[in-house]
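Colleague: One structure, pasted below without further comment.
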Amino acid sequence: MNPTHPDHLTTPAIEATGLRKAYGDKLVLDGIDLRVPRGTVFSLLGPNGAGKTTTVQILSTLIRADAGTARVTGHDLAADPRSVRAAIGVTGQFSAVDNLITGEENMALMADLHHLDRAEGRRVIAGLLERFDLVDAAGKPASSYSGGMRRRLDIAMTLIGSPEVIFLDEPTTGLDPRSRHAVWQIVRELVADGVTVFLTTQYLEEADQLADRIAVLNGGRIVAEGTPDELKRLVPGGHVRLRFLDPAELARAAQVLGVGQRDDEALTLQVPGDGSVHTLRALLDALDNASVSVDSLTVHTPDLDDVFFAVTGRPEHEKVRTR
Amino acid sequence: MTTTAVPDLHLRDSRTMLRRNLLHARRYPSMTLQVALIPVFLLLLFVYVFGSALGAGIGQGGDRTAYLAYLVPGILLMTAGAGSIPTAVAVCTDMTEGIVARFRTMAISRASILVGHVVGSVIQTVVNLVLVTAVALAIGFRPNANPLEWLAACGLLLLFVLGLTWLAVALGLISKTPEGASNAPLPISFLLPFVSSTFVPVDSMPSWIRWFAEYQPFTAVIETVRGLLTGTGIGHNGWLAVAWSLAIVILGFVWSLRLFDRDTH
């Protein structure tokens, strides 16, 4: 809201400590801490019922937390919800468009509520309709839109006020692959424009594709947090597969390294390792010093599915869908 | 945007919300129209089918024209009561869809969401009242009110409609589904207008219900409007009508705001 404020660039977009929320005796959030730097995509990943939507509802001023504090763009949620609202845009899990009026009228409604003057409103609306591929549908009632179009309209409406922080609550749930990729592209463009995106998803691939940092939410607690790569390194099972041109090289490599699973038929040696540059360099240096020539090398990191099952510890009756 | 003064903000956002509600009414006029058609139908039915017998029964001049003069104020109140149905449905529909959640996360005047509904509904009900009055005049309703009495009658009706509308907003807010919301206003859209002096004088009712019919808000307002338009006696109904109207405005307003602010900032 105020770019000249000295703290503007250093205050995190979102900062939350000890957020708790219960409905009756059902504990939904059990003390979660979050820190989202500006201009990044933060993904809250978790199965249905983990508390993702509740977190978004608290951070977007829709409901109050029972305990804990949070600041969004430096404004305290409890003390100054109005400033928070002026800085954020929210696209909830259930479409927040007015079905009775057209797409363009929905956009005009948002422009009026953001107090844009007529000319500016028209300019912003025309630009967003174009960008979200809604020009042809602009004059039709929103009730006639497909799921993907409705979601695009929903996000376009959120962008009218040029928010600094955007909350997207399961933005691709129920969308076909093409619409899903369109939403991903939108998120990437938003971040390129310097917007902070707080994204919830139950799709591991989506978090992996978009997020700078991921927090895994399970049963109201954050059970793991980090970059997608850091999370993947949390689980054992990563390895480096070395391929050789002849059995003699393979034998020498196995002797030098002293570890690994040897496959004489395929001429490969599988060495445990997390695939980081540091361990790769050490591995290659060791082979180089022994003058072993390697034909090819592939790094196998565990994907987020492995991570998710590892940190939530319930691989069997898992509700998370992996697409 | 942040420099907008607070009263300005309320006014501006309320105007935006009002535009939205009138746009809804224009796009989907069927419900609003239906609400106006039922009173018109009842007016024609009771005047042309039952009019002679009922006219004789109310014991004034005894004919159909006399019954028309007796009936119109009650039909106007019935129109006002029926207007609560589309209001409750519209509010409930809004709340069950995501759009109000969006409004709640925006830096707008929160009151404007409800004010837009209320002003929009009052305008629609006033349009319906004008329509019903026009039909009544067309079939021979001849009020003898002077301009001041007309003004007083319109003012009272407006105040009463405002109260019923706020009440309807509250009913829309407590209803879980739009279907439920269309039934919730039944007492004010159907029950109270019927158990009142709309069709027959309360004196003619059995005593167990007469005390209720005599003092309930619809009768008080009907008797006052009837007196103002056609010169019948008003008596204690004048102040009772104003008191009831103000009480309903306050009740509906406070109840609506409390429901709307549940579990939010």
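By order in the structure tokens, chains are A, B, ...; within a chain, residues start at 1; ligands start at 1, following the order shown.
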Specify as an NGL selection string all residues of chain A found within 10 Å of chain B, counting only C-alpha atoms.

Modeller: :A and (1 or 57-65 or 77-101 or 105-106 or 108-116 or 141 or 154 or 157-158 or 161)

Colleague: Would you export the selected residues with N, CA and C atoms as a compact mmCIF listing (two decimals), in the first residue's frame, please?

Modeller:
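In the end it all went to part-v5.txt:
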```txt
# COMPACT_ATOMS: atom_id res chain seq x y z
N MET A 1 0.83 -1.20 0.00
CA MET A 1 0.00 0.00 0.00
C MET A 1 0.86 1.24 0.00
N GLN A 57 -8.37 -18.57 5.58
CA GLN A 57 -9.45 -17.74 6.11
C GLN A 57 -8.96 -16.83 7.23
N ILE A 58 -8.06 -17.34 8.05
CA ILE A 58 -7.51 -16.51 9.13
C ILE A 58 -6.63 -15.40 8.54
N LEU A 59 -5.71 -15.78 7.65
CA LEU A 59 -4.76 -14.80 7.11
C LEU A 59 -5.46 -13.76 6.23
N SER A 60 -6.62 -14.09 5.67
CA SER A 60 -7.31 -13.12 4.81
C SER A 60 -8.43 -12.39 5.57
N THR A 61 -8.40 -12.45 6.89
CA THR A 61 -9.30 -11.71 7.80
C THR A 61 -10.74 -12.22 7.79
N LEU A 62 -10.99 -13.38 7.20
CA LEU A 62 -12.37 -13.88 7.18
C LEU A 62 -12.81 -14.40 8.55
N ILE A 63 -11.91 -15.08 9.24
CA ILE A 63 -12.22 -15.55 10.59
C ILE A 63 -11.05 -15.21 11.51
N ARG A 64 -11.34 -15.21 12.81
CA ARG A 64 -10.29 -14.90 13.79
C ARG A 64 -9.65 -16.19 14.28
N ALA A 65 -8.35 -16.09 14.54
CA ALA A 65 -7.66 -17.21 15.19
C ALA A 65 -8.01 -17.18 16.67
N LEU A 77 -3.09 -8.54 11.89
CA LEU A 77 -4.42 -9.02 11.49
C LEU A 77 -5.51 -8.56 12.45
N ALA A 78 -5.21 -8.66 13.75
CA ALA A 78 -6.23 -8.35 14.73
C ALA A 78 -6.42 -6.85 14.89
N ALA A 79 -5.29 -6.10 14.85
CA ALA A 79 -5.36 -4.66 15.15
C ALA A 79 -5.77 -3.84 13.93
N ASP A 80 -5.41 -4.30 12.75
CA ASP A 80 -5.62 -3.46 11.58
C ASP A 80 -6.07 -4.28 10.36
N PRO A 81 -7.21 -4.98 10.51
CA PRO A 81 -7.65 -5.85 9.40
C PRO A 81 -7.90 -5.07 8.11
N ARG A 82 -8.27 -3.80 8.27
CA ARG A 82 -8.59 -3.01 7.09
C ARG A 82 -7.37 -2.82 6.17
N SER A 83 -6.21 -2.54 6.80
CA SER A 83 -4.99 -2.37 6.00
C SER A 83 -4.58 -3.69 5.37
N VAL A 84 -4.82 -4.78 6.11
CA VAL A 84 -4.53 -6.10 5.54
C VAL A 84 -5.38 -6.30 4.29
N ARG A 85 -6.69 -6.01 4.43
CA ARG A 85 -7.61 -6.22 3.30
C ARG A 85 -7.21 -5.38 2.09
N ALA A 86 -6.68 -4.19 2.37
CA ALA A 86 -6.31 -3.32 1.24
C ALA A 86 -5.10 -3.87 0.50
N ALA A 87 -4.34 -4.75 1.16
CA ALA A 87 -3.10 -5.24 0.55
C ALA A 87 -3.25 -6.61 -0.10
N ILE A 88 -4.37 -7.29 0.19
CA ILE A 88 -4.48 -8.68 -0.27
C ILE A 88 -5.55 -8.86 -1.33
N GLY A 89 -5.46 -9.98 -2.02
CA GLY A 89 -6.52 -10.44 -2.91
C GLY A 89 -6.74 -11.91 -2.61
N VAL A 90 -7.99 -12.35 -2.62
CA VAL A 90 -8.28 -13.73 -2.23
C VAL A 90 -9.11 -14.42 -3.30
N THR A 91 -8.64 -15.58 -3.73
CA THR A 91 -9.48 -16.44 -4.57
C THR A 91 -9.70 -17.71 -3.78
N GLY A 92 -10.89 -17.83 -3.25
CA GLY A 92 -11.19 -18.93 -2.35
C GLY A 92 -11.40 -20.23 -3.09
N GLN A 93 -11.60 -21.26 -2.29
CA GLN A 93 -11.76 -22.60 -2.84
C GLN A 93 -13.05 -22.69 -3.66
N PHE A 94 -14.10 -21.99 -3.18
CA PHE A 94 -15.36 -22.01 -3.89
C PHE A 94 -15.51 -20.69 -4.62
N SER A 95 -15.91 -20.78 -5.87
CA SER A 95 -15.79 -19.62 -6.73
C SER A 95 -16.54 -18.43 -6.14
N ALA A 96 -15.86 -17.30 -6.17
CA ALA A 96 -16.40 -16.09 -5.57
C ALA A 96 -16.78 -15.11 -6.66
N VAL A 97 -17.56 -15.60 -7.62
CA VAL A 97 -18.05 -14.69 -8.66
C VAL A 97 -19.56 -14.58 -8.50
N ASP A 98 -20.09 -13.49 -9.02
CA ASP A 98 -21.54 -13.29 -8.97
C ASP A 98 -22.13 -13.95 -10.22
N ASN A 99 -22.79 -15.09 -10.01
CA ASN A 99 -23.26 -15.88 -11.15
C ASN A 99 -24.38 -15.23 -11.94
N LEU A 100 -25.07 -14.28 -11.32
CA LEU A 100 -26.26 -13.72 -11.96
C LEU A 100 -25.92 -12.65 -12.99
N ILE A 101 -24.68 -12.16 -12.94
CA ILE A 101 -24.31 -11.09 -13.88
C ILE A 101 -23.17 -11.57 -14.78
N GLU A 105 -19.46 -7.52 -16.02
CA GLU A 105 -20.12 -6.83 -14.91
C GLU A 105 -19.49 -7.19 -13.57
N ASN A 106 -19.06 -8.44 -13.45
CA ASN A 106 -18.33 -8.85 -12.25
C ASN A 106 -17.05 -8.02 -12.10
N ALA A 108 -16.49 -5.08 -13.42
CA ALA A 108 -16.85 -3.68 -13.16
C ALA A 108 -17.22 -3.49 -11.69
N LEU A 109 -17.88 -4.50 -11.12
CA LEU A 109 -18.23 -4.45 -9.70
C LEU A 109 -16.97 -4.31 -8.85
N MET A 110 -15.95 -5.11 -9.19
CA MET A 110 -14.69 -5.03 -8.44
C MET A 110 -14.01 -3.66 -8.64
N ALA A 111 -14.03 -3.18 -9.87
CA ALA A 111 -13.41 -1.87 -10.15
C ALA A 111 -14.10 -0.78 -9.32
N ASP A 112 -15.43 -0.85 -9.23
CA ASP A 112 -16.17 0.15 -8.44
C ASP A 112 -15.81 0.03 -6.96
N LEU A 113 -15.70 -1.20 -6.47
CA LEU A 113 -15.40 -1.39 -5.04
C LEU A 113 -13.96 -1.01 -4.71
N HIS A 114 -13.09 -1.01 -5.72
CA HIS A 114 -11.73 -0.53 -5.51
C HIS A 114 -11.62 0.96 -5.82
N HIS A 115 -12.76 1.58 -6.12
CA HIS A 115 -12.83 3.02 -6.34
C HIS A 115 -11.94 3.48 -7.49
N LEU A 116 -11.84 2.66 -8.52
CA LEU A 116 -11.12 3.12 -9.72
C LEU A 116 -12.06 4.07 -10.47
N PRO A 141 -23.43 -14.43 -18.95
CA PRO A 141 -23.57 -14.57 -17.50
C PRO A 141 -22.53 -15.55 -16.96
N ASP A 154 -12.43 -15.52 -11.62
CA ASP A 154 -12.25 -15.35 -10.18
C ASP A 154 -10.89 -14.70 -9.89
N MET A 157 -10.72 -11.10 -11.14
CA MET A 157 -11.39 -10.18 -10.22
C MET A 157 -10.49 -9.86 -9.03
N THR A 158 -9.76 -10.86 -8.57
CA THR A 158 -8.84 -10.66 -7.45
C THR A 158 -7.73 -9.66 -7.80
N GLY A 161 -7.61 -4.97 -7.87
CA GLY A 161 -7.09 -3.99 -6.92
C GLY A 161 -5.57 -3.99 -6.83
```

Colleague: Could you state the separation of atom CA of B:Leu246 and atom CA of B:Leu137 in Å, given to one decimal place?

Modeller: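 That distance, rounded to one decimal, is 29.2 Å.
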
Colleague: Pick out the residues sitting within 12 Å of A:Val197, and hand them over as a PyMOL selection string; count only C-alpha atoms, and ignore anything fewer than 5 positions along from it in its own chain.

Modeller: chain A and resi 13-14+36-44+56+88-91+155+159+163-169+171+184+186-192+207+210-214

Colleague: List the neighbours of A:Ile32 out to 12 Å using only C-alpha atoms; skip same-chain residues closer than 4 positions along the sequence, and give me the result as a PyMOL selection string.

Modeller: chain A and resi 15-21+28+44+50-52+54-55+58-59+65+67-70+215-225

Colleague: Do you know which residues are at most 9 Å from B:Thr32 counting only C-alpha atoms, after dropping those on the same chain fewer than 4 positions away, and could you put them as a PDB file with N, CA and C atoms, in the first residue's frame?

Modeller:
```pdb
ATOM      1  N   ALA B  25     -32.177  -7.734 -10.156  1.00  0.00           N
ATOM      2  CA  ALA B  25     -33.636  -7.670 -10.303  1.00  0.00           C
ATOM      3  C   ALA B  25     -34.018  -7.491 -11.763  1.00  0.00           C
ATOM      4  N   TYR B  28     -33.255 -10.894 -13.622  1.00  0.00           N
ATOM      5  CA  TYR B  28     -34.134 -11.997 -13.237  1.00  0.00           C
ATOM      6  C   TYR B  28     -35.413 -11.457 -12.612  1.00  0.00           C
ATOM      7  N   ALA B  36     -45.486  -9.377  -7.063  1.00  0.00           N
ATOM      8  CA  ALA B  36     -46.496  -8.334  -7.286  1.00  0.00           C
ATOM      9  C   ALA B  36     -47.792  -8.941  -7.812  1.00  0.00           C
ATOM     10  N   LEU B  37     -47.683 -10.060  -8.516  1.00  0.00           N
ATOM     11  CA  LEU B  37     -48.868 -10.630  -9.158  1.00  0.00           C
ATOM     12  C   LEU B  37     -49.818 -11.283  -8.152  1.00  0.00           C
ATOM     13  N   GLY B  83     -42.877  -8.941  -0.412  1.00  0.00           N
ATOM     14  CA  GLY B  83     -41.553  -8.482  -0.839  1.00  0.00           C
ATOM     15  C   GLY B  83     -40.427  -9.068  -0.001  1.00  0.00           C
ATOM     16  N   PRO B  86     -38.387 -12.446  -1.889  1.00  0.00           N
ATOM     17  CA  PRO B  86     -37.189 -12.301  -2.732  1.00  0.00           C
ATOM     18  C   PRO B  86     -36.005 -11.715  -1.980  1.00  0.00           C
ATOM     19  N   GLN B 124     -37.769  -2.107  -4.956  1.00  0.00           N
ATOM     20  CA  GLN B 124     -38.614  -3.068  -5.688  1.00  0.00           C
ATOM     21  C   GLN B 124     -40.003  -3.172  -5.082  1.00  0.00           C
ATOM     22  N   THR B 125     -40.079  -3.170  -3.749  1.00  0.00           N
ATOM     23  CA  THR B 125     -41.386  -3.261  -3.106  1.00  0.00           C
ATOM     24  C   THR B 125     -42.198  -2.005  -3.377  1.00  0.00           C
ATOM     25  N   ASN B 128     -43.659  -2.316  -6.692  1.00  0.00           N
ATOM     26  CA  ASN B 128     -44.804  -3.222  -6.626  1.00  0.00           C
ATOM     27  C   ASN B 128     -46.025  -2.544  -6.025  1.00  0.00           C
TER      28      ASN B 128
END
```
